[in-house]
>>> print(open('query_37.cif').read())   # mmCIF, C-alpha atoms
data_protein
#
loop_
_atom_site.group_PDB
_atom_site.id
_atom_site.type_symbol
_atom_site.label_atom_id
_atom_site.label_comp_id
_atom_site.auth_asym_id
_atom_site.auth_seq_id
_atom_site.Cartn_x
_atom_site.Cartn_y
_atom_site.Cartn_z
ATOM 1 C CA MET A 1 -17.828 17.736 -14.729
ATOM 2 C CA GLU A 2 -16.245 17.629 -11.288
ATOM 3 C CA ARG A 3 -12.500 16.991 -11.262
ATOM 4 C CA PRO A 4 -11.082 14.996 -8.364
ATOM 5 C CA GLY A 5 -8.473 16.531 -6.104
ATOM 6 C CA TRP A 6 -4.976 15.048 -6.203
ATOM 7 C CA ASP A 7 -5.512 12.798 -3.191
ATOM 8 C CA ASP A 8 -8.746 11.351 -4.605
ATOM 9 C CA TYR A 9 -7.145 10.972 -8.033
ATOM 10 C CA PHE A 10 -4.079 9.063 -6.851
ATOM 11 C CA MET A 11 -6.079 6.969 -4.371
ATOM 12 C CA GLY A 12 -8.462 6.048 -7.190
ATOM 13 C CA ILE A 13 -5.468 4.736 -9.120
ATOM 14 C CA ALA A 14 -4.292 2.762 -6.056
ATOM 15 C CA ILE A 15 -7.763 1.224 -5.782
ATOM 16 C CA ALA A 16 -7.605 0.218 -9.451
ATOM 17 C CA VAL A 17 -4.083 -1.205 -9.012
ATOM 18 C CA ARG A 18 -5.189 -3.450 -6.130
ATOM 19 C CA ALA A 19 -7.467 -5.319 -8.559
ATOM 20 C CA ARG A 20 -4.266 -7.063 -9.801
ATOM 21 C CA ALA A 21 -3.320 -8.287 -6.299
ATOM 22 C CA ASN A 22 -3.274 -12.052 -5.930
ATOM 23 C CA CYS A 23 -2.891 -12.379 -2.162
ATOM 24 C CA MET A 24 -5.577 -14.535 -0.591
ATOM 25 C CA GLY A 25 -5.370 -12.544 2.636
ATOM 26 C CA LYS A 26 -5.786 -8.854 1.821
ATOM 27 C CA ARG A 27 -5.615 -7.108 -1.539
ATOM 28 C CA VAL A 28 -3.621 -3.869 -1.430
ATOM 29 C CA GLY A 29 -2.692 -1.349 -4.110
ATOM 30 C CA ALA A 30 -0.090 1.434 -3.944
ATOM 31 C CA VAL A 31 0.911 4.410 -6.070
ATOM 32 C CA LEU A 32 4.025 6.552 -5.770
ATOM 33 C CA ALA A 33 3.377 10.078 -7.043
ATOM 34 C CA ARG A 34 5.778 12.954 -7.455
ATOM 35 C CA GLU A 35 5.120 16.455 -8.756
ATOM 36 C CA GLY A 36 1.558 15.536 -9.761
ATOM 37 C CA ARG A 37 2.617 12.433 -11.718
ATOM 38 C CA VAL A 38 2.513 8.694 -11.094
ATOM 39 C CA VAL A 39 6.071 7.382 -10.916
ATOM 40 C CA SER A 40 5.333 3.782 -9.911
ATOM 41 C CA THR A 41 2.592 1.395 -8.821
ATOM 42 C CA GLY A 42 2.531 -1.864 -6.906
ATOM 43 C CA TYR A 43 0.165 -4.473 -5.579
ATOM 44 C CA ASN A 44 0.702 -7.332 -3.162
ATOM 45 C CA GLY A 45 1.408 -10.841 -4.337
ATOM 46 C CA THR A 46 4.101 -13.440 -4.798
ATOM 47 C CA PRO A 47 7.408 -12.680 -6.547
ATOM 48 C CA GLU A 48 7.489 -13.141 -10.316
ATOM 49 C CA ASP A 49 7.601 -16.801 -11.370
ATOM 50 C CA ALA A 50 6.990 -18.016 -7.789
ATOM 51 C CA GLY A 51 3.427 -19.197 -8.330
ATOM 52 C CA ASN A 52 0.538 -16.967 -7.400
ATOM 53 C CA CYS A 53 -0.927 -17.021 -3.926
ATOM 54 C CA ILE A 54 -4.285 -18.087 -5.367
ATOM 55 C CA GLU A 55 -2.530 -21.048 -7.016
ATOM 56 C CA GLY A 56 -0.966 -22.247 -3.764
ATOM 57 C CA GLY A 57 2.307 -20.346 -4.160
ATOM 58 C CA CYS A 58 2.244 -19.064 -0.598
ATOM 59 C CA ARG A 59 2.045 -21.807 2.036
ATOM 60 C CA ARG A 60 0.751 -19.429 4.715
ATOM 61 C CA CYS A 61 -2.200 -18.342 2.573
ATOM 62 C CA ALA A 62 -2.863 -21.801 1.167
ATOM 63 C CA ASP A 63 -3.059 -23.340 4.648
ATOM 64 C CA SER A 64 -4.738 -20.526 6.592
ATOM 65 C CA ASP A 65 -6.383 -22.974 9.025
ATOM 66 C CA THR A 66 -2.942 -23.955 10.312
ATOM 67 C CA PHE A 67 -1.669 -20.369 10.564
ATOM 68 C CA PRO A 68 -4.070 -18.026 12.404
ATOM 69 C CA SER A 69 -4.312 -14.385 11.386
ATOM 70 C CA GLY A 70 -1.258 -12.404 12.445
ATOM 71 C CA THR A 71 1.087 -15.434 12.642
ATOM 72 C CA ALA A 72 3.709 -17.178 10.475
ATOM 73 C CA TYR A 73 4.651 -14.110 8.460
ATOM 74 C CA ASP A 74 8.100 -15.655 7.988
ATOM 75 C CA LEU A 75 6.403 -18.274 5.769
ATOM 76 C CA CYS A 76 4.560 -15.702 3.650
ATOM 77 C CA ILE A 77 6.303 -15.141 0.330
ATOM 78 C CA CYS A 78 4.038 -12.280 -0.773
ATOM 79 C CA VAL A 79 5.658 -8.937 -1.517
ATOM 80 C CA HIS A 80 3.703 -5.985 -0.118
ATOM 81 C CA ALA A 81 2.195 -3.397 -2.477
ATOM 82 C CA GLU A 82 4.413 -0.640 -1.070
ATOM 83 C CA GLN A 83 7.519 -2.791 -1.583
ATOM 84 C CA ASN A 84 6.489 -3.590 -5.156
ATOM 85 C CA ALA A 85 5.995 0.115 -5.919
ATOM 86 C CA LEU A 86 9.513 0.875 -4.631
ATOM 87 C CA LEU A 87 11.040 -2.135 -6.396
ATOM 88 C CA SER A 88 9.380 -1.297 -9.711
ATOM 89 C CA ALA A 89 10.720 2.243 -9.536
ATOM 90 C CA ALA A 90 14.205 0.897 -8.759
ATOM 91 C CA ARG A 91 14.015 -1.667 -11.579
ATOM 92 C CA PHE A 92 13.365 1.102 -14.107
ATOM 93 C CA GLY A 93 15.675 3.713 -12.570
ATOM 94 C CA ILE A 94 12.937 6.068 -11.375
ATOM 95 C CA ALA A 95 13.751 8.364 -8.449
ATOM 96 C CA THR A 96 11.339 8.145 -5.520
ATOM 97 C CA GLU A 97 12.856 10.713 -3.152
ATOM 98 C CA GLY A 98 10.231 13.283 -2.208
ATOM 99 C CA ALA A 99 7.327 11.201 -3.545
ATOM 100 C CA THR A 100 4.038 10.616 -1.772
ATOM 101 C CA LEU A 101 2.789 7.071 -1.336
ATOM 102 C CA TYR A 102 -0.929 6.470 -1.804
ATOM 103 C CA THR A 103 -1.947 3.062 -0.500
ATOM 104 C CA THR A 104 -5.225 1.312 0.150
ATOM 105 C CA THR A 105 -3.960 0.061 3.540
ATOM 106 C CA ARG A 106 -1.683 1.832 6.026
ATOM 107 C CA PRO A 107 1.880 0.479 5.618
ATOM 108 C CA CYS A 108 3.138 -2.139 8.052
ATOM 109 C CA PHE A 109 6.221 -1.593 10.199
ATOM 110 C CA GLY A 110 8.586 -3.196 7.646
ATOM 111 C CA CYS A 111 7.246 -1.200 4.702
ATOM 112 C CA THR A 112 7.400 1.984 6.793
ATOM 113 C CA LYS A 113 11.149 1.465 7.308
ATOM 114 C CA GLU A 114 11.700 0.825 3.595
ATOM 115 C CA LEU A 115 9.677 3.886 2.593
ATOM 116 C CA LEU A 116 11.669 6.064 4.983
ATOM 117 C CA GLN A 117 14.936 4.683 3.613
ATOM 118 C CA ALA A 118 13.758 5.524 0.063
ATOM 119 C CA LYS A 119 13.085 9.109 1.278
ATOM 120 C CA ILE A 120 9.331 8.976 0.618
ATOM 121 C CA ALA A 121 7.988 12.305 1.893
ATOM 122 C CA ALA A 122 4.435 11.407 2.906
ATOM 123 C CA VAL A 123 1.949 8.543 3.142
ATOM 124 C CA VAL A 124 -1.769 8.766 2.421
ATOM 125 C CA TYR A 125 -3.752 5.629 3.179
ATOM 126 C CA LEU A 126 -7.360 4.526 2.869
ATOM 127 C CA HIS A 127 -7.847 1.702 5.392
ATOM 128 C CA ASP A 128 -6.094 1.665 8.748
ATOM 129 C CA TRP A 129 -3.827 -1.113 9.962
ATOM 130 C CA ALA A 130 -2.565 -1.350 13.503
ATOM 131 C CA PRO A 131 0.307 -3.412 14.868
ATOM 132 C CA ASP A 132 0.168 -5.555 17.966
ATOM 133 C CA ALA A 133 -0.963 -3.258 20.816
ATOM 134 C CA ARG A 134 2.453 -3.650 22.502
ATOM 135 C CA LEU A 135 4.122 -2.036 19.466
ATOM 136 C CA THR A 136 1.738 0.874 18.864
ATOM 137 C CA ASP A 137 4.006 3.528 20.384
ATOM 138 C CA GLU A 138 7.041 2.380 18.383
ATOM 139 C CA TYR A 139 4.973 2.203 15.180
ATOM 140 C CA ARG A 140 3.651 5.734 15.734
ATOM 141 C CA ARG A 141 7.165 6.975 16.560
ATOM 142 C CA ILE A 142 8.729 5.667 13.358
ATOM 143 C CA GLN A 143 5.888 6.987 11.199
ATOM 144 C CA GLU A 144 6.488 10.469 12.613
ATOM 145 C CA ASN A 145 9.684 10.526 10.502
ATOM 146 C CA PHE A 146 7.800 11.190 7.252
ATOM 147 C CA ARG A 147 8.362 14.918 6.750
ATOM 148 C CA GLY A 148 4.977 15.263 5.003
ATOM 149 C CA GLY A 149 3.205 13.102 7.569
ATOM 150 C CA VAL A 150 1.013 10.018 7.485
ATOM 151 C CA ARG A 151 -2.712 10.530 7.159
ATOM 152 C CA GLN A 152 -5.876 8.658 6.393
ATOM 153 C CA LEU A 153 -7.931 9.768 3.393
ATOM 154 C CA GLN A 154 -11.657 9.864 4.021
ATOM 155 C CA LEU A 155 -13.703 9.017 0.937
ATOM 156 C CA ASP A 156 -17.485 8.970 0.730
ATOM 157 C CA ASP A 157 -17.294 5.609 -1.044
ATOM 158 C CA PRO A 158 -13.890 3.966 -0.371
ATOM 159 C CA ASP A 159 -14.457 1.402 -3.123
ATOM 160 C CA ALA A 160 -15.123 4.045 -5.754
ATOM 161 C CA VAL A 161 -12.686 5.392 -8.300
ATOM 162 C CA TRP A 162 -13.005 8.525 -10.356
ATOM 163 C CA ALA A 163 -14.142 8.057 -13.926
ATOM 164 C CA ALA A 164 -14.878 10.613 -16.618
ATOM 165 C CA GLY A 165 -17.960 12.490 -15.507
ATOM 166 C CA GLY A 166 -18.268 10.874 -12.077
ATOM 167 C CA ARG A 167 -17.462 7.877 -9.925
ATOM 168 C CA GLU A 168 -17.621 4.239 -10.877
ATOM 169 C CA ARG A 169 -17.410 1.097 -8.726
ATOM 170 C CA ALA A 170 -14.003 -0.578 -8.658
ATOM 171 C CA GLY A 171 -13.931 -4.122 -10.053
#
>>> encode(input="query_37.cif", output="structure tokens")
Amino acid sequence: MERPGWDDYFMGIAIAVRARANCMGKRVGAVLAREGRVVSTGYNGTPEDAGNCIEGGCRRCADSDTFPSGTAYDLCICVHAEQNALLSAARFGIATEGATLYTTTRPCFGCTKELLQAKIAAVVYLHDWAPDARLTDEYRRIQENFRGGVRQLQLDDPDAVWAAGGRERAG
């Protein structure tokens, strides 16, 4: 039986976590790992008791014809997967300093700032995300502050997760 490396292992968990996401736009999962252990997970969706995105809780997602892609983020009430991973750790008093974030999508500018403030050491992502072309240099500059770097994980089958004895399709 082939054992996955740490990056594949934690990314497989992030892929599984994103199955709980309820955002109508993009489903994202995140895992914070420290010293070879999962310390927290998060997926994107509306705040607790706010009504799920898929139930009309988020006006921006519910009325996507009115709000083109990349606009009206101030109306979006969804909490990003990376934010939820940090907030869950905080809620339960779990230290995140020095952890590595594994996420299915590269963190946005806002999440990058929050991760840096929480002293996350490194970010490993599956799918790329790029800001508005005018902000690319600033985005790259701020992500250079992760002491362990920011890098994309290349998987043979990005929708696969490790299972006992091999890989299995994520649901």
>>> resolve_selection(input="query_37.cif", expression="the PyMOL selection byres ((chain A and resi 19) around 12)", output="ChimeraX atom specification")
/A:12-18,20-23,26-30,42-45,81,104,159,161,169-171
>>> atom_distance(input="query_37.cif", atom1="atom CA of Tyr73 of chain A", atom2="atom CA of Glu138 of chain A")
19.4 Å
>>> atom_distance(input="query_37.cif", atom1="atom CA of Val124 of chain A", atom2="atom CA of Glu97 of chain A")
15.8 Å
>>> residues_near_point(input="query_37.cif", point="(10.5, 6.0, 4.4)", cutoff="12 Å", atoms="all atoms listed in the file", output="ChimeraX atom specification")
/A:82-83,86,96-101,107-123,142-150
>>> closest_residue(input="query_37.cif", among="A:Thr136, A:Ser40, A:Ser88, A:Thr46", to="Leu75 of chain A", atoms="all atoms listed in the file")
A:Thr46
>>> atom_distance(input="query_37.cif", atom1="atom CA of Glu48 of chain A", atom2="atom CA of Phe67 of chain A")
23.9 Å
>>> closest_residue(input="query_37.cif", among="A:His127, A:Arg59, A:Arg134, A:Arg3", to="Leu153 of chain A", atoms="only C-alpha atoms")
A:His127
>>> residues_around(input="query_37.cif", residues="Gly5 of chain A", least_positions_apart="2", cutoff="12 Å", atoms="only C-alpha atoms", output="ChimeraX atom specification")
/A:2-3,7-12,36,153,155,162
>>> closest_residue(input="query_37.cif", among="A:Cys78, A:Val38, A:Arg106, A:Val31", to="Asn52 of chain A", atoms="all atoms listed in the file")
A:Cys78
>>> closest_residue(input="query_37.cif", among="A:Ala89, A:Leu126, A:Cys61, A:Ile94", to="Cys76 of chain A", atoms="all atoms listed in the file")
A:Cys61
>>> decode(input="query_37.cif", residues="segment 49-169 of chain A", atoms="C-alpha atoms", output="PDB file, in the first residue's frame")
ATOM      1  CA  ASP A  49     -27.645  30.801  11.737  1.00  0.00           C
ATOM      2  CA  ALA A  50     -27.524  33.273   8.813  1.00  0.00           C
ATOM      3  CA  GLY A  51     -29.230  31.031   6.274  1.00  0.00           C
ATOM      4  CA  ASN A  52     -27.172  29.021   3.844  1.00  0.00           C
ATOM      5  CA  CYS A  53     -26.118  30.462   0.523  1.00  0.00           C
ATOM      6  CA  ILE A  54     -28.025  27.700  -1.271  1.00  0.00           C
ATOM      7  CA  GLU A  55     -31.157  28.749   0.642  1.00  0.00           C
ATOM      8  CA  GLY A  56     -30.885  32.390  -0.424  1.00  0.00           C
ATOM      9  CA  GLY A  57     -28.892  33.553   2.602  1.00  0.00           C
ATOM     10  CA  CYS A  58     -26.409  35.484   0.494  1.00  0.00           C
ATOM     11  CA  ARG A  59     -27.996  38.115  -1.756  1.00  0.00           C
ATOM     12  CA  ARG A  60     -24.971  38.267  -4.064  1.00  0.00           C
ATOM     13  CA  CYS A  61     -25.101  34.531  -4.770  1.00  0.00           C
ATOM     14  CA  ALA A  62     -28.887  34.368  -4.919  1.00  0.00           C
ATOM     15  CA  ASP A  63     -29.052  37.152  -7.516  1.00  0.00           C
ATOM     16  CA  SER A  64     -25.939  36.404  -9.582  1.00  0.00           C
ATOM     17  CA  ASP A  65     -27.498  37.866 -12.752  1.00  0.00           C
ATOM     18  CA  THR A  66     -27.526  41.297 -11.116  1.00  0.00           C
ATOM     19  CA  PHE A  67     -23.976  41.023  -9.753  1.00  0.00           C
ATOM     20  CA  PRO A  68     -21.420  39.906 -12.373  1.00  0.00           C
ATOM     21  CA  SER A  69     -18.462  37.774 -11.343  1.00  0.00           C
ATOM     22  CA  GLY A  70     -15.887  39.759  -9.393  1.00  0.00           C
ATOM     23  CA  THR A  71     -18.334  42.468  -8.215  1.00  0.00           C
ATOM     24  CA  ALA A  72     -20.431  43.293  -5.127  1.00  0.00           C
ATOM     25  CA  TYR A  73     -18.230  41.447  -2.657  1.00  0.00           C
ATOM     26  CA  ASP A  74     -19.423  43.886   0.013  1.00  0.00           C
ATOM     27  CA  LEU A  75     -22.853  42.209  -0.273  1.00  0.00           C
ATOM     28  CA  CYS A  76     -21.475  38.677   0.076  1.00  0.00           C
ATOM     29  CA  ILE A  77     -21.971  37.341   3.590  1.00  0.00           C
ATOM     30  CA  CYS A  78     -20.002  34.126   3.021  1.00  0.00           C
ATOM     31  CA  VAL A  79     -17.000  33.483   5.241  1.00  0.00           C
ATOM     32  CA  HIS A  80     -13.993  32.138   3.334  1.00  0.00           C
ATOM     33  CA  ALA A  81     -12.648  28.651   4.092  1.00  0.00           C
ATOM     34  CA  GLU A  82      -9.327  30.063   5.308  1.00  0.00           C
ATOM     35  CA  GLN A  83     -11.134  32.467   7.650  1.00  0.00           C
ATOM     36  CA  ASN A  84     -13.305  29.657   9.013  1.00  0.00           C
ATOM     37  CA  ALA A  85     -10.224  27.514   9.700  1.00  0.00           C
ATOM     38  CA  LEU A  86      -8.636  30.383  11.665  1.00  0.00           C
ATOM     39  CA  LEU A  87     -11.882  31.225  13.471  1.00  0.00           C
ATOM     40  CA  SER A  88     -12.521  27.607  14.448  1.00  0.00           C
ATOM     41  CA  ALA A  89      -9.033  27.340  15.904  1.00  0.00           C
ATOM     42  CA  ALA A  90      -9.580  30.582  17.840  1.00  0.00           C
ATOM     43  CA  ARG A  91     -13.004  29.445  19.085  1.00  0.00           C
ATOM     44  CA  PHE A  92     -11.453  26.332  20.629  1.00  0.00           C
ATOM     45  CA  GLY A  93      -8.208  27.942  21.809  1.00  0.00           C
ATOM     46  CA  ILE A  94      -5.918  26.165  19.346  1.00  0.00           C
ATOM     47  CA  ALA A  95      -2.630  27.869  18.463  1.00  0.00           C
ATOM     48  CA  THR A  96      -2.040  28.389  14.745  1.00  0.00           C
ATOM     49  CA  GLU A  97       1.377  30.070  14.792  1.00  0.00           C
ATOM     50  CA  GLY A  98       3.787  28.118  12.606  1.00  0.00           C
ATOM     51  CA  ALA A  99       1.033  26.077  10.931  1.00  0.00           C
ATOM     52  CA  THR A 100       0.758  25.376   7.225  1.00  0.00           C
ATOM     53  CA  LEU A 101      -2.500  26.120   5.450  1.00  0.00           C
ATOM     54  CA  TYR A 102      -3.664  23.623   2.838  1.00  0.00           C
ATOM     55  CA  THR A 103      -6.449  25.058   0.709  1.00  0.00           C
ATOM     56  CA  THR A 104      -8.211  24.011  -2.458  1.00  0.00           C
ATOM     57  CA  THR A 105      -7.972  27.570  -3.846  1.00  0.00           C
ATOM     58  CA  ARG A 106      -5.157  30.101  -3.423  1.00  0.00           C
ATOM     59  CA  PRO A 107      -6.137  32.590  -0.677  1.00  0.00           C
ATOM     60  CA  CYS A 108      -7.511  35.977  -1.677  1.00  0.00           C
ATOM     61  CA  PHE A 109      -5.856  39.226  -0.621  1.00  0.00           C
ATOM     62  CA  GLY A 110      -7.995  39.574   2.540  1.00  0.00           C
ATOM     63  CA  CYS A 111      -7.391  36.007   3.704  1.00  0.00           C
ATOM     64  CA  THR A 112      -3.668  36.406   2.990  1.00  0.00           C
ATOM     65  CA  LYS A 113      -3.517  39.347   5.422  1.00  0.00           C
ATOM     66  CA  GLU A 114      -5.406  37.402   8.095  1.00  0.00           C
ATOM     67  CA  LEU A 115      -3.187  34.341   7.676  1.00  0.00           C
ATOM     68  CA  LEU A 116      -0.066  36.480   8.008  1.00  0.00           C
ATOM     69  CA  GLN A 117      -1.459  38.133  11.135  1.00  0.00           C
ATOM     70  CA  ALA A 118      -2.124  34.665  12.626  1.00  0.00           C
ATOM     71  CA  LYS A 119       1.550  33.795  11.905  1.00  0.00           C
ATOM     72  CA  ILE A 120       0.744  30.981   9.460  1.00  0.00           C
ATOM     73  CA  ALA A 121       4.126  29.812   8.154  1.00  0.00           C
ATOM     74  CA  ALA A 122       3.251  28.534   4.682  1.00  0.00           C
ATOM     75  CA  VAL A 123       0.404  28.107   2.203  1.00  0.00           C
ATOM     76  CA  VAL A 124      -0.093  25.149  -0.120  1.00  0.00           C
ATOM     77  CA  TYR A 125      -2.942  25.496  -2.591  1.00  0.00           C
ATOM     78  CA  LEU A 126      -4.498  23.355  -5.299  1.00  0.00           C
ATOM     79  CA  HIS A 127      -6.235  25.754  -7.708  1.00  0.00           C
ATOM     80  CA  ASP A 128      -4.831  29.177  -8.515  1.00  0.00           C
ATOM     81  CA  TRP A 129      -6.682  32.439  -8.003  1.00  0.00           C
ATOM     82  CA  ALA A 130      -5.452  35.742  -9.331  1.00  0.00           C
ATOM     83  CA  PRO A 131      -6.517  39.243  -8.344  1.00  0.00           C
ATOM     84  CA  ASP A 132      -7.373  42.016 -10.748  1.00  0.00           C
ATOM     85  CA  ALA A 133      -4.340  42.419 -13.055  1.00  0.00           C
ATOM     86  CA  ARG A 134      -3.681  45.899 -11.599  1.00  0.00           C
ATOM     87  CA  LEU A 135      -3.110  44.337  -8.157  1.00  0.00           C
ATOM     88  CA  THR A 136      -0.927  41.370  -9.126  1.00  0.00           C
ATOM     89  CA  ASP A 137       2.347  42.927  -7.960  1.00  0.00           C
ATOM     90  CA  GLU A 138       0.910  43.920  -4.572  1.00  0.00           C
ATOM     91  CA  TYR A 139      -0.673  40.474  -4.133  1.00  0.00           C
ATOM     92  CA  ARG A 140       2.634  38.758  -4.935  1.00  0.00           C
ATOM     93  CA  ARG A 141       4.496  41.139  -2.605  1.00  0.00           C
ATOM     94  CA  ILE A 142       2.297  40.427   0.407  1.00  0.00           C
ATOM     95  CA  GLN A 143       2.388  36.667  -0.169  1.00  0.00           C
ATOM     96  CA  GLU A 144       6.190  36.788  -0.069  1.00  0.00           C
ATOM     97  CA  ASN A 145       5.844  37.386   3.699  1.00  0.00           C
ATOM     98  CA  PHE A 146       5.042  33.730   4.438  1.00  0.00           C
ATOM     99  CA  ARG A 147       8.364  32.435   5.764  1.00  0.00           C
ATOM    100  CA  GLY A 148       7.643  28.949   4.363  1.00  0.00           C
ATOM    101  CA  GLY A 149       6.383  30.318   1.056  1.00  0.00           C
ATOM    102  CA  VAL A 150       3.249  29.940  -1.031  1.00  0.00           C
ATOM    103  CA  ARG A 151       3.163  27.144  -3.564  1.00  0.00           C
ATOM    104  CA  GLN A 152       0.783  25.249  -5.766  1.00  0.00           C
ATOM    105  CA  LEU A 153       0.465  21.497  -5.246  1.00  0.00           C
ATOM    106  CA  GLN A 154       0.345  19.496  -8.450  1.00  0.00           C
ATOM    107  CA  LEU A 155      -1.809  16.382  -8.175  1.00  0.00           C
ATOM    108  CA  ASP A 156      -2.373  13.827 -10.915  1.00  0.00           C
ATOM    109  CA  ASP A 157      -6.103  13.927 -10.169  1.00  0.00           C
ATOM    110  CA  PRO A 158      -6.972  17.152  -8.275  1.00  0.00           C
ATOM    111  CA  ASP A 159     -10.415  15.820  -7.357  1.00  0.00           C
ATOM    112  CA  ALA A 160      -9.020  12.671  -5.780  1.00  0.00           C
ATOM    113  CA  VAL A 161      -8.425  12.029  -2.110  1.00  0.00           C
ATOM    114  CA  TRP A 162      -6.327   9.321  -0.559  1.00  0.00           C
ATOM    115  CA  ALA A 163      -8.203   6.327   0.772  1.00  0.00           C
ATOM    116  CA  ALA A 164      -6.919   3.121   2.321  1.00  0.00           C
ATOM    117  CA  GLY A 165      -5.142   1.235  -0.424  1.00  0.00           C
ATOM    118  CA  GLY A 166      -5.409   3.940  -3.086  1.00  0.00           C
ATOM    119  CA  ARG A 167      -7.290   6.979  -4.308  1.00  0.00           C
ATOM    120  CA  GLU A 168     -11.015   7.512  -4.392  1.00  0.00           C
ATOM    121  CA  ARG A 169     -13.100  10.217  -6.087  1.00  0.00           C
TER     122      ARG A 169
END
